[in-house]
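Participant: Got a structure for you, target-v6.pdb, holding PDB, C-alpha atoms.
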```pdb
ATOM      1  CA  MET D 273     -19.969  94.815  58.375
ATOM      2  CA  LYS D 274     -16.620  95.178  56.627
ATOM      3  CA  LYS D 275     -15.665  91.669  57.768
ATOM      4  CA  LEU D 276     -18.894  90.228  56.345
ATOM      5  CA  PHE D 277     -18.327  92.066  53.060
ATOM      6  CA  SER D 278     -14.786  90.681  52.877
ATOM      7  CA  ILE D 279     -16.040  87.126  53.436
ATOM      8  CA  LEU D 280     -18.659  87.529  50.703
ATOM      9  CA  LEU D 281     -16.074  88.983  48.332
ATOM     10  CA  ILE D 282     -13.679  86.090  48.950
ATOM     11  CA  ALA D 283     -16.501  83.593  48.349
ATOM     12  CA  LEU D 284     -17.474  85.293  45.088
ATOM     13  CA  LEU D 285     -13.867  85.340  43.910
ATOM     14  CA  ALA D 286     -13.529  81.654  44.775
ATOM     15  CA  ILE D 287     -16.656  80.810  42.792
ATOM     16  CA  SER D 288     -15.476  82.814  39.783
ATOM     17  CA  ALA D 289     -12.096  81.071  39.939
ATOM     18  CA  LEU D 290     -13.632  77.612  39.624
ATOM     19  CA  PRO D 291     -13.853  76.397  36.055
ATOM     20  CA  ALA D 292     -17.360  75.633  34.847
ATOM     21  CA  GLN D 293     -18.434  72.123  33.896
ATOM     22  CA  LYS D 294     -19.958  72.405  30.443
ATOM     23  CA  ALA D 295     -21.982  69.905  28.459
ATOM     24  CA  LEU D 296     -23.285  69.750  24.906
ATOM     25  CA  VAL D 297     -26.360  67.561  24.353
ATOM     26  CA  ILE D 298     -27.663  67.009  20.815
ATOM     27  CA  SER D 299     -30.437  64.808  19.448
ATOM     28  CA  ASN D 300     -31.045  64.394  15.736
ATOM     29  CA  GLY D 301     -33.865  62.493  14.132
ATOM     30  CA  GLY D 302     -32.836  62.778  10.505
ATOM     31  CA  VAL D 303     -35.487  62.016   7.908
ATOM     32  CA  LEU D 304     -37.395  58.749   8.162
ATOM     33  CA  GLU D 305     -38.927  56.729   5.374
ATOM     34  CA  LYS D 306     -42.658  57.203   4.858
ATOM     35  CA  SER D 307     -43.360  53.802   6.394
ATOM     36  CA  ALA D 308     -42.014  55.096   9.699
ATOM     37  CA  LEU D 309     -44.423  58.022   9.828
ATOM     38  CA  ARG D 310     -47.992  58.142  10.997
ATOM     39  CA  THR D 311     -50.606  60.878  10.822
ATOM     40  CA  ILE D 312     -52.273  62.133  13.980
ATOM     41  CA  GLU D 313     -54.886  64.884  13.793
ATOM     42  CA  GLY D 314     -53.486  66.163  10.517
ATOM     43  CA  THR D 315     -49.842  66.228  11.685
ATOM     44  CA  VAL D 316     -47.066  63.843  10.754
ATOM     45  CA  GLU D 317     -45.278  62.315  13.711
ATOM     46  CA  ALA D 318     -42.191  60.127  13.468
ATOM     47  CA  GLN D 319     -42.531  57.650  16.300
ATOM     48  CA  SER D 320     -39.020  56.270  16.171
ATOM     49  CA  LEU D 321     -37.553  59.766  16.257
ATOM     50  CA  SER D 322     -38.916  60.473  19.719
ATOM     51  CA  ARG D 323     -36.509  58.038  21.413
ATOM     52  CA  ALA D 324     -33.450  60.059  20.415
ATOM     53  CA  HIS D 325     -34.974  63.231  21.829
ATOM     54  CA  GLU D 326     -36.208  61.514  25.019
ATOM     55  CA  ASP D 327     -32.760  60.043  25.672
ATOM     56  CA  ALA D 328     -31.111  63.427  25.159
ATOM     57  CA  ALA D 329     -33.673  65.065  27.449
ATOM     58  CA  LEU D 330     -32.801  62.529  30.176
ATOM     59  CA  ILE D 331     -29.101  63.398  29.976
ATOM     60  CA  ASP D 332     -29.881  67.118  29.805
ATOM     61  CA  SER D 333     -32.060  67.115  32.919
ATOM     62  CA  THR D 334     -29.660  64.868  34.849
ATOM     63  CA  LEU D 335     -26.667  67.094  34.151
ATOM     64  CA  VAL D 336     -28.592  70.273  34.990
ATOM     65  CA  GLU D 337     -29.604  68.802  38.349
ATOM     66  CA  LEU D 338     -25.945  68.000  39.032
ATOM     67  CA  GLY D 339     -24.919  71.568  38.287
ATOM     68  CA  TRP D 340     -23.546  71.298  34.758
ATOM     69  CA  GLU D 341     -23.957  74.140  32.277
ATOM     70  CA  VAL D 342     -25.785  72.435  29.401
ATOM     71  CA  GLN D 343     -26.239  73.586  25.826
ATOM     72  CA  ARG D 344     -29.089  71.556  24.291
ATOM     73  CA  TYR D 345     -29.917  71.250  20.591
ATOM     74  CA  SER D 346     -32.139  69.036  18.476
ATOM     75  CA  ASN D 347     -32.814  68.383  14.782
ATOM     76  CA  LEU D 348     -29.783  70.236  13.448
ATOM     77  CA  ASP D 349     -29.010  70.423   9.752
ATOM     78  CA  ALA D 350     -25.390  70.176   8.648
ATOM     79  CA  LYS D 351     -24.686  73.911   8.855
ATOM     80  CA  THR D 352     -26.226  74.484  12.280
ATOM     81  CA  PHE D 353     -24.727  71.228  13.565
ATOM     82  CA  LYS D 354     -21.171  72.378  12.885
ATOM     83  CA  LYS D 355     -21.988  75.894  14.058
ATOM     84  CA  SER D 356     -23.342  74.631  17.390
ATOM     85  CA  ILE D 357     -20.238  72.539  17.984
ATOM     86  CA  GLY D 358     -18.007  75.485  17.114
ATOM     87  CA  GLU D 359     -19.876  77.825  19.459
ATOM     88  CA  PHE D 360     -19.719  75.289  22.275
ATOM     89  CA  ALA D 361     -15.986  74.825  21.722
ATOM     90  CA  ALA D 362     -15.458  78.601  21.713
ATOM     91  CA  SER D 363     -17.201  78.857  25.094
ATOM     92  CA  ILE D 364     -14.739  76.473  26.772
ATOM     93  CA  GLU D 365     -12.136  78.116  28.946
ATOM     94  CA  ASP D 366      -8.770  76.490  29.500
ATOM     95  CA  GLU D 367      -8.900  73.615  32.004
ATOM     96  CA  GLU D 368     -12.700  73.286  32.015
ATOM     97  CA  PRO D 369     -14.103  69.721  31.891
ATOM     98  CA  VAL D 370     -16.667  69.003  29.174
ATOM     99  CA  LEU D 371     -19.179  66.290  28.327
ATOM    100  CA  ILE D 372     -20.778  65.703  24.927
ATOM    101  CA  PHE D 373     -23.782  63.436  24.411
ATOM    102  CA  PHE D 374     -25.247  62.767  20.972
ATOM    103  CA  SER D 375     -28.364  60.722  20.321
ATOM    104  CA  GLY D 376     -29.227  59.992  16.723
ATOM    105  CA  THR D 377     -27.339  58.262  13.935
ATOM    106  CA  ALA D 378     -23.670  58.139  13.010
ATOM    107  CA  VAL D 379     -21.978  56.278  10.176
ATOM    108  CA  GLN D 380     -18.475  55.399   9.080
ATOM    109  CA  VAL D 381     -17.181  56.359   5.650
ATOM    110  CA  ASP D 382     -13.649  55.474   4.531
ATOM    111  CA  GLY D 383     -12.516  54.793   8.089
ATOM    112  CA  LYS D 384     -13.960  57.987   9.578
ATOM    113  CA  ASN D 385     -17.069  58.504  11.726
ATOM    114  CA  TYR D 386     -19.665  61.131  10.844
ATOM    115  CA  LEU D 387     -22.618  62.277  12.940
ATOM    116  CA  VAL D 388     -25.661  62.405  10.679
ATOM    117  CA  PRO D 389     -27.382  65.809  10.448
ATOM    118  CA  GLN D 390     -31.026  66.283   9.647
ATOM    119  CA  GLY D 391     -31.828  66.377   5.958
ATOM    120  CA  THR D 392     -31.422  64.141   2.929
ATOM    121  CA  PHE D 393     -28.018  63.314   1.476
ATOM    122  CA  ARG D 394     -28.091  61.872  -2.016
ATOM    123  CA  THR D 395     -24.345  61.369  -2.504
ATOM    124  CA  GLN D 396     -21.539  60.222  -0.239
ATOM    125  CA  ARG D 397     -19.385  63.105  -1.410
ATOM    126  CA  ARG D 398     -21.942  65.709  -0.334
ATOM    127  CA  PHE D 399     -22.495  63.979   2.986
ATOM    128  CA  VAL D 400     -18.783  63.813   3.852
ATOM    129  CA  ALA D 401     -18.370  67.475   2.945
ATOM    130  CA  SER D 402     -21.306  68.512   5.136
ATOM    131  CA  ALA D 403     -21.533  66.255   8.204
ATOM    132  CA  PRO D 404     -19.439  66.818  11.366
ATOM    133  CA  GLU D 405     -16.692  64.206  11.668
ATOM    134  CA  LEU D 406     -15.901  62.706  15.089
ATOM    135  CA  SER D 407     -12.161  63.416  15.136
ATOM    136  CA  TRP D 408     -12.885  67.019  14.177
ATOM    137  CA  ILE D 409     -15.327  67.307  17.078
ATOM    138  CA  LEU D 410     -12.737  65.940  19.498
ATOM    139  CA  SER D 411     -10.156  68.417  18.199
ATOM    140  CA  GLN D 412     -12.581  71.293  18.771
ATOM    141  CA  VAL D 413     -12.767  70.578  22.515
ATOM    142  CA  SER D 414      -9.122  69.569  22.945
ATOM    143  CA  LYS D 415      -8.315  72.412  25.345
ATOM    144  CA  ALA D 416     -10.780  71.100  27.950
ATOM    145  CA  SER D 417      -9.142  69.468  30.960
ATOM    146  CA  VAL D 418     -11.306  66.345  30.640
ATOM    147  CA  LYS D 419     -13.353  65.270  27.616
ATOM    148  CA  MET D 420     -16.214  62.767  27.931
ATOM    149  CA  VAL D 421     -17.986  61.943  24.658
ATOM    150  CA  PHE D 422     -20.928  59.529  24.399
ATOM    151  CA  LEU D 423     -22.552  58.510  21.105
ATOM    152  CA  ASP D 424     -25.907  56.753  21.249
ATOM    153  CA  ALA D 425     -25.860  56.605  17.471
ATOM    154  CA  SER D 426     -25.862  52.985  16.312
ATOM    155  CA  ARG D 427     -29.241  53.219  14.584
ATOM    156  CA  ALA D 428     -29.537  52.415  10.883
ATOM    157  CA  PRO D 429     -29.411  55.623   8.819
ATOM    158  CA  THR D 430     -32.651  56.472   7.033
ATOM    159  CA  ASN D 431     -31.778  59.744   5.320
ATOM    160  CA  LEU D 432     -28.806  58.648   3.196
ATOM    161  CA  SER D 433     -29.366  57.750  -0.446
ATOM    162  CA  PHE D 434     -26.014  55.965  -0.564
ATOM    163  CA  LYS D 435     -25.037  52.875   1.421
ATOM    164  CA  PRO D 436     -21.953  53.070   3.676
ATOM    165  CA  THR D 437     -19.473  50.286   2.993
ATOM    166  CA  LYS D 438     -19.551  49.235   6.662
ATOM    167  CA  SER D 439     -22.256  49.318   9.325
ATOM    168  CA  GLY D 440     -22.060  51.234  12.576
ATOM    169  CA  LEU D 441     -18.973  53.094  13.730
ATOM    170  CA  THR D 442     -15.260  52.421  13.544
ATOM    171  CA  GLY D 443     -12.764  52.773  16.382
ATOM    172  CA  LEU D 444     -10.178  55.504  16.815
ATOM    173  CA  GLN D 445      -6.506  54.601  16.855
ATOM    174  CA  LYS D 446      -5.555  57.530  19.059
ATOM    175  CA  ILE D 447      -7.306  60.161  21.176
ATOM    176  CA  ALA D 448      -6.067  63.116  23.192
ATOM    177  CA  GLY D 449      -5.134  62.804  26.839
ATOM    178  CA  ASN D 450      -7.830  62.758  29.522
ATOM    179  CA  THR D 451     -10.523  61.716  27.042
ATOM    180  CA  LEU D 452     -13.253  59.078  27.307
ATOM    181  CA  LEU D 453     -15.035  58.129  24.088
ATOM    182  CA  MET D 454     -17.884  55.625  24.270
ATOM    183  CA  TYR D 455     -20.387  54.238  21.763
ATOM    184  CA  SER D 456     -23.691  52.538  22.533
ATOM    185  CA  SER D 457     -22.693  49.324  20.708
ATOM    186  CA  PRO D 458     -19.639  47.360  19.539
ATOM    187  CA  LEU D 459     -17.743  48.465  16.437
ATOM    188  CA  ASP D 460     -19.290  47.953  12.993
ATOM    189  CA  THR D 461     -22.671  47.248  14.559
ATOM    190  CA  ILE D 462     -26.179  48.504  13.886
ATOM    191  CA  GLN D 463     -28.356  48.404  16.992
ATOM    192  CA  PRO D 464     -32.077  49.227  17.040
ATOM    193  CA  ASP D 465     -33.635  51.141  19.911
ATOM    194  CA  GLN D 466     -34.074  48.987  22.998
ATOM    195  CA  GLU D 467     -37.334  48.245  24.744
ATOM    196  CA  GLY D 468     -38.333  50.550  27.543
ATOM    197  CA  GLU D 469     -38.441  54.285  27.977
ATOM    198  CA  HIS D 470     -34.767  54.892  27.173
ATOM    199  CA  ASN D 471     -31.875  53.189  25.418
ATOM    200  CA  HIS D 472     -29.368  51.483  27.689
ATOM    201  CA  LEU D 473     -26.396  53.831  27.210
ATOM    202  CA  PRO D 474     -28.162  57.081  28.206
ATOM    203  CA  GLN D 475     -30.045  55.313  30.987
ATOM    204  CA  ALA D 476     -26.823  53.870  32.397
ATOM    205  CA  LEU D 477     -24.932  57.156  31.972
ATOM    206  CA  ALA D 478     -27.675  59.116  33.750
ATOM    207  CA  LYS D 479     -27.474  56.766  36.726
ATOM    208  CA  VAL D 480     -23.715  56.298  37.007
ATOM    209  CA  ILE D 481     -22.793  59.949  36.536
ATOM    210  CA  GLN D 482     -24.605  60.755  39.794
ATOM    211  CA  THR D 483     -22.357  58.420  41.820
ATOM    212  CA  PRO D 484     -20.645  60.317  44.659
ATOM    213  CA  ASP D 485     -16.842  60.449  44.683
ATOM    214  CA  LEU D 486     -16.521  58.328  41.526
ATOM    215  CA  PRO D 487     -12.995  57.858  40.103
ATOM    216  CA  LEU D 488     -13.378  59.130  36.560
ATOM    217  CA  GLN D 489     -11.151  56.465  35.020
ATOM    218  CA  THR D 490     -13.748  53.868  36.091
ATOM    219  CA  LEU D 491     -16.705  55.668  34.485
ATOM    220  CA  GLY D 492     -16.713  53.535  31.309
ATOM    221  CA  ASP D 493     -16.594  50.266  33.261
ATOM    222  CA  LYS D 494     -19.385  51.399  35.573
ATOM    223  CA  ILE D 495     -21.588  52.316  32.618
ATOM    224  CA  ILE D 496     -21.001  48.924  30.965
ATOM    225  CA  THR D 497     -21.869  47.152  34.225
ATOM    226  CA  GLN D 498     -25.091  49.155  34.507
ATOM    227  CA  MET D 499     -25.942  48.404  30.867
ATOM    228  CA  GLY D 500     -25.609  44.711  31.733
ATOM    229  CA  ILE D 501     -28.110  45.139  34.551
ATOM    230  CA  LEU D 502     -30.513  46.871  32.172
ATOM    231  CA  HIS D 503     -29.996  43.962  29.764
ATOM    232  CA  GLY D 504     -31.603  41.686  32.326
ATOM    233  CA  GLY D 505     -28.407  40.484  33.913
ATOM    234  CA  LYS D 506     -27.321  38.810  30.690
ATOM    235  CA  THR D 507     -24.051  39.707  29.042
ATOM    236  CA  PRO D 508     -24.919  42.359  26.436
ATOM    237  CA  PRO D 509     -22.810  43.194  23.398
ATOM    238  CA  ILE D 510     -19.935  45.159  24.930
ATOM    239  CA  PRO D 511     -20.000  48.738  23.625
ATOM    240  CA  TYR D 512     -16.813  50.263  22.266
ATOM    241  CA  ARG D 513     -14.912  52.629  24.492
ATOM    242  CA  ILE D 514     -11.442  54.112  24.604
ATOM    243  CA  SER D 515     -10.091  56.160  27.481
ATOM    244  CA  THR D 516      -6.919  58.071  28.318
ATOM    245  CA  ILE D 517      -8.221  59.546  31.594
ATOM    246  CA  LYS D 518      -5.595  59.371  34.310
ATOM    247  CA  GLU D 519      -6.047  58.407  37.925
ATOM    248  CA  GLY D 520      -6.921  61.117  40.414
ATOM    249  CA  TRP D 521      -9.870  62.684  38.625
ATOM    250  CA  LYS D 522     -13.201  62.270  40.412
ATOM    251  CA  LEU D 523     -16.844  62.953  39.722
ATOM    252  CA  ASN D 524     -19.004  64.481  42.471
ATOM    253  CA  PRO D 525     -16.293  64.745  45.156
ATOM    254  CA  PRO D 526     -17.606  65.208  48.694
ATOM    255  CA  LYS D 527     -17.951  68.779  49.848
ATOM    256  CA  GLU D 528     -15.881  69.646  52.870
ATOM    257  CA  GLU D 529     -17.210  72.137  55.380
ATOM    258  CA  GLY D 530     -16.838  75.647  54.010
ATOM    259  CA  GLU D 531     -15.937  74.393  50.533
ATOM    260  CA  ILE D 532     -17.729  75.284  47.337
ATOM    261  CA  LYS D 533     -19.434  72.324  45.666
ATOM    262  CA  ARG D 534     -17.456  70.884  42.762
ATOM    263  CA  ILE D 535     -18.598  68.476  40.084
ATOM    264  CA  ILE D 536     -15.186  67.243  39.023
ATOM    265  CA  LEU D 537     -12.048  67.225  41.124
ATOM    266  CA  ARG D 538      -8.716  66.876  39.402
ATOM    267  CA  PRO D 539      -5.436  65.646  40.859
ATOM    268  CA  PRO D 540      -2.865  68.250  41.932
ATOM    269  CA  PRO D 541      -0.298  69.182  39.269
ATOM    270  CA  LEU D 542       3.136  67.606  39.221
ATOM    271  CA  TYR D 543       5.856  69.310  41.264
ATOM    272  CA  ARG D 544       7.355  72.186  39.321
ATOM    273  CA  GLY D 545       9.721  73.680  41.901
ATOM    274  CA  ASN D 546      11.746  75.897  39.618
ATOM    275  CA  ILE D 547       8.649  77.163  37.832
ATOM    276  CA  ASP D 548       6.099  78.031  40.459
ATOM    277  CA  GLY D 549       7.698  77.094  43.738
ATOM    278  CA  GLY D 550       6.002  73.727  44.132
ATOM    279  CA  VAL D 551       2.580  72.168  44.139
ATOM    280  CA  ALA D 552      -0.251  74.662  44.275
ATOM    281  CA  PRO D 553      -3.848  73.906  45.166
ATOM    282  CA  SER D 554      -5.723  73.302  41.936
ATOM    283  CA  PHE D 555      -9.243  72.558  40.797
TER     284      PHE D 555
END
```
Please re-express this file's structure in structure tokens.
Facilitator:
Amino acid sequence: MKKLFSILLIALLAISALPAQKALVISNGGVLEKSALRTIEGTVEAQSLSRAHEDAALIDSTLVELGWEVQRYSNLDAKTFKKSIGEFAASIEDEEPVLIFFSGTAVQVDGKNYLVPQGTFRTQRRFVASAPELSWILSQVSKASVKMVFLDASRAPTNLSFKPTKSGLTGLQKIAGNTLLMYSSPLDTIQPDQEGEHNHLPQALAKVIQTPDLPLQTLGDKIITQMGILHGGKTPPIPYRISTIKEGWKLNPPKEEGEIKRIILRPPPLYRGNIDGGVAPSF
């Protein structure tokens, strides 16, 4: 009995020692023009808003099935948007991998990218002061061991009273280590929702992220290949991506007998003989 208790205790300690894999999934519809609304049984329904929420729901359910801890939000105003990101960032322990997926609209203003909250913004100044900025979001999750950020946000904004000087999103000159950032379209590009049940980026991400033993540095390429398949085999506009993820990281590594299932496996740390006596097993 004591032996069985010891085995259970060791297993529980091993589970608690494994970092969690945390994801933040947000969909925002914004405010559509009246022409985009229709009345059904006395209620107003925005048809083109549903795609953002359906795409986010696909990523949410896929990640949950794979064992990720997912925080899911929709239709956030500027205050709750920033608060949700801050709370998610505060929940991250050192060395935990994270994934962020946003479906909605994002715009560039003066060389910076802003995710568009729900609500109406009459001036550029008010919008910039209120909306979460992409580099700020990346800085919030910087302590995570791996950062994967996907923006399905190349739709034309409908709730801004001012016109951004450039369409779509701009690229980032530099990102932190072990980070993958990917948009749904090329830079400076507006892209309407695609035909079918889901847009191509979330549909491709949901499929590829389930691949067993997938080297994480190939994730962006695999997603682009899958988006090409969804595009009917034709060469689609290549979405923007930038990655600093190093070799050795893997998604869905195979489970050895007696091992606890892991979602992401990282390479062992570099030899640090005088510090800790050498290479130690590491998640």
Participant: So which residues touch stretch 398-403 of chain D within 9 Å, counting all atoms listed in the file, skipping near sequence neighbours fewer than 4 positions away, as a PyMOL selection string?
Facilitator: chain D and resi 349-351+353-354+381+386-389+392-394+432
Participant: Just say which residues the PyMOL selection byres ((chain D and resi 461) around 12) picks in this file, as a VMD selection string.
Facilitator: chain D and resid 377 to 380 425 to 428 438 to 443 455 to 460 462 to 464 509 to 512
Participant: With C-alpha atoms retained, export the selected residues as a PDB file, in the coordinates of the input.
Facilitator:
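Contents of part_18.pdb, as written:
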```pdb
ATOM      1  CA  THR D 377     -27.339  58.262  13.935  1.00  0.00           C
ATOM      2  CA  ALA D 378     -23.670  58.139  13.010  1.00  0.00           C
ATOM      3  CA  VAL D 379     -21.978  56.278  10.176  1.00  0.00           C
ATOM      4  CA  GLN D 380     -18.475  55.399   9.080  1.00  0.00           C
ATOM      5  CA  ALA D 425     -25.860  56.605  17.471  1.00  0.00           C
ATOM      6  CA  SER D 426     -25.862  52.985  16.312  1.00  0.00           C
ATOM      7  CA  ARG D 427     -29.241  53.219  14.584  1.00  0.00           C
ATOM      8  CA  ALA D 428     -29.537  52.415  10.883  1.00  0.00           C
ATOM      9  CA  LYS D 438     -19.551  49.235   6.662  1.00  0.00           C
ATOM     10  CA  SER D 439     -22.256  49.318   9.325  1.00  0.00           C
ATOM     11  CA  GLY D 440     -22.060  51.234  12.576  1.00  0.00           C
ATOM     12  CA  LEU D 441     -18.973  53.094  13.730  1.00  0.00           C
ATOM     13  CA  THR D 442     -15.260  52.421  13.544  1.00  0.00           C
ATOM     14  CA  GLY D 443     -12.764  52.773  16.382  1.00  0.00           C
ATOM     15  CA  TYR D 455     -20.387  54.238  21.763  1.00  0.00           C
ATOM     16  CA  SER D 456     -23.691  52.538  22.533  1.00  0.00           C
ATOM     17  CA  SER D 457     -22.693  49.324  20.708  1.00  0.00           C
ATOM     18  CA  PRO D 458     -19.639  47.360  19.539  1.00  0.00           C
ATOM     19  CA  LEU D 459     -17.743  48.465  16.437  1.00  0.00           C
ATOM     20  CA  ASP D 460     -19.290  47.953  12.993  1.00  0.00           C
ATOM     21  CA  ILE D 462     -26.179  48.504  13.886  1.00  0.00           C
ATOM     22  CA  GLN D 463     -28.356  48.404  16.992  1.00  0.00           C
ATOM     23  CA  PRO D 464     -32.077  49.227  17.040  1.00  0.00           C
ATOM     24  CA  PRO D 509     -22.810  43.194  23.398  1.00  0.00           C
ATOM     25  CA  ILE D 510     -19.935  45.159  24.930  1.00  0.00           C
ATOM     26  CA  PRO D 511     -20.000  48.738  23.625  1.00  0.00           C
ATOM     27  CA  TYR D 512     -16.813  50.263  22.266  1.00  0.00           C
TER      28      TYR D 512
END
```
Participant: In Å, with one decimal, what is the gap from atom CA of D:His325 to atom CA of D:Tyr345?
Facilitator: 9.6 Å
Participant: Considering only C-alpha atoms, state which residue in the set D:Ala329, D:Ile447, D:Ile517, D:Leu473 is at the smallest distance from D:Met499.
Facilitator: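 Ranking D:Ala329, D:Ile447, D:Ile517, D:Leu473 by distance to D:Met499, first place goes to D:Leu473.
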Participant: Go through D:Gly391, D:Leu423, D:Val336, D:Asn385 one by one, measure the shortest atom-to-atom distance of each to D:Glu405 using all atoms listed in the file, and give the residue with the smallest value.
Facilitator: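 Of D:Gly391, D:Leu423, D:Val336, D:Asn385, the one nearest D:Glu405 is D:Asn385, counting all atoms listed in the file.
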Participant: Any idea what's packed within 8 Å of D:Phe360, counting only C-alpha atoms, ignoring anything in its chain fewer than 4 positions away? Could you give it as a VMD selection string?
Facilitator: chain D and resid 296 343 356 364
Participant: Which is closer to D:Pro525 than all the others in D:Val413, D:Gln390, D:Ala362, D:Leu338, using all atoms listed in the file?
Facilitator: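 Among D:Val413, D:Gln390, D:Ala362, D:Leu338, it is D:Leu338 that comes nearest to D:Pro525.
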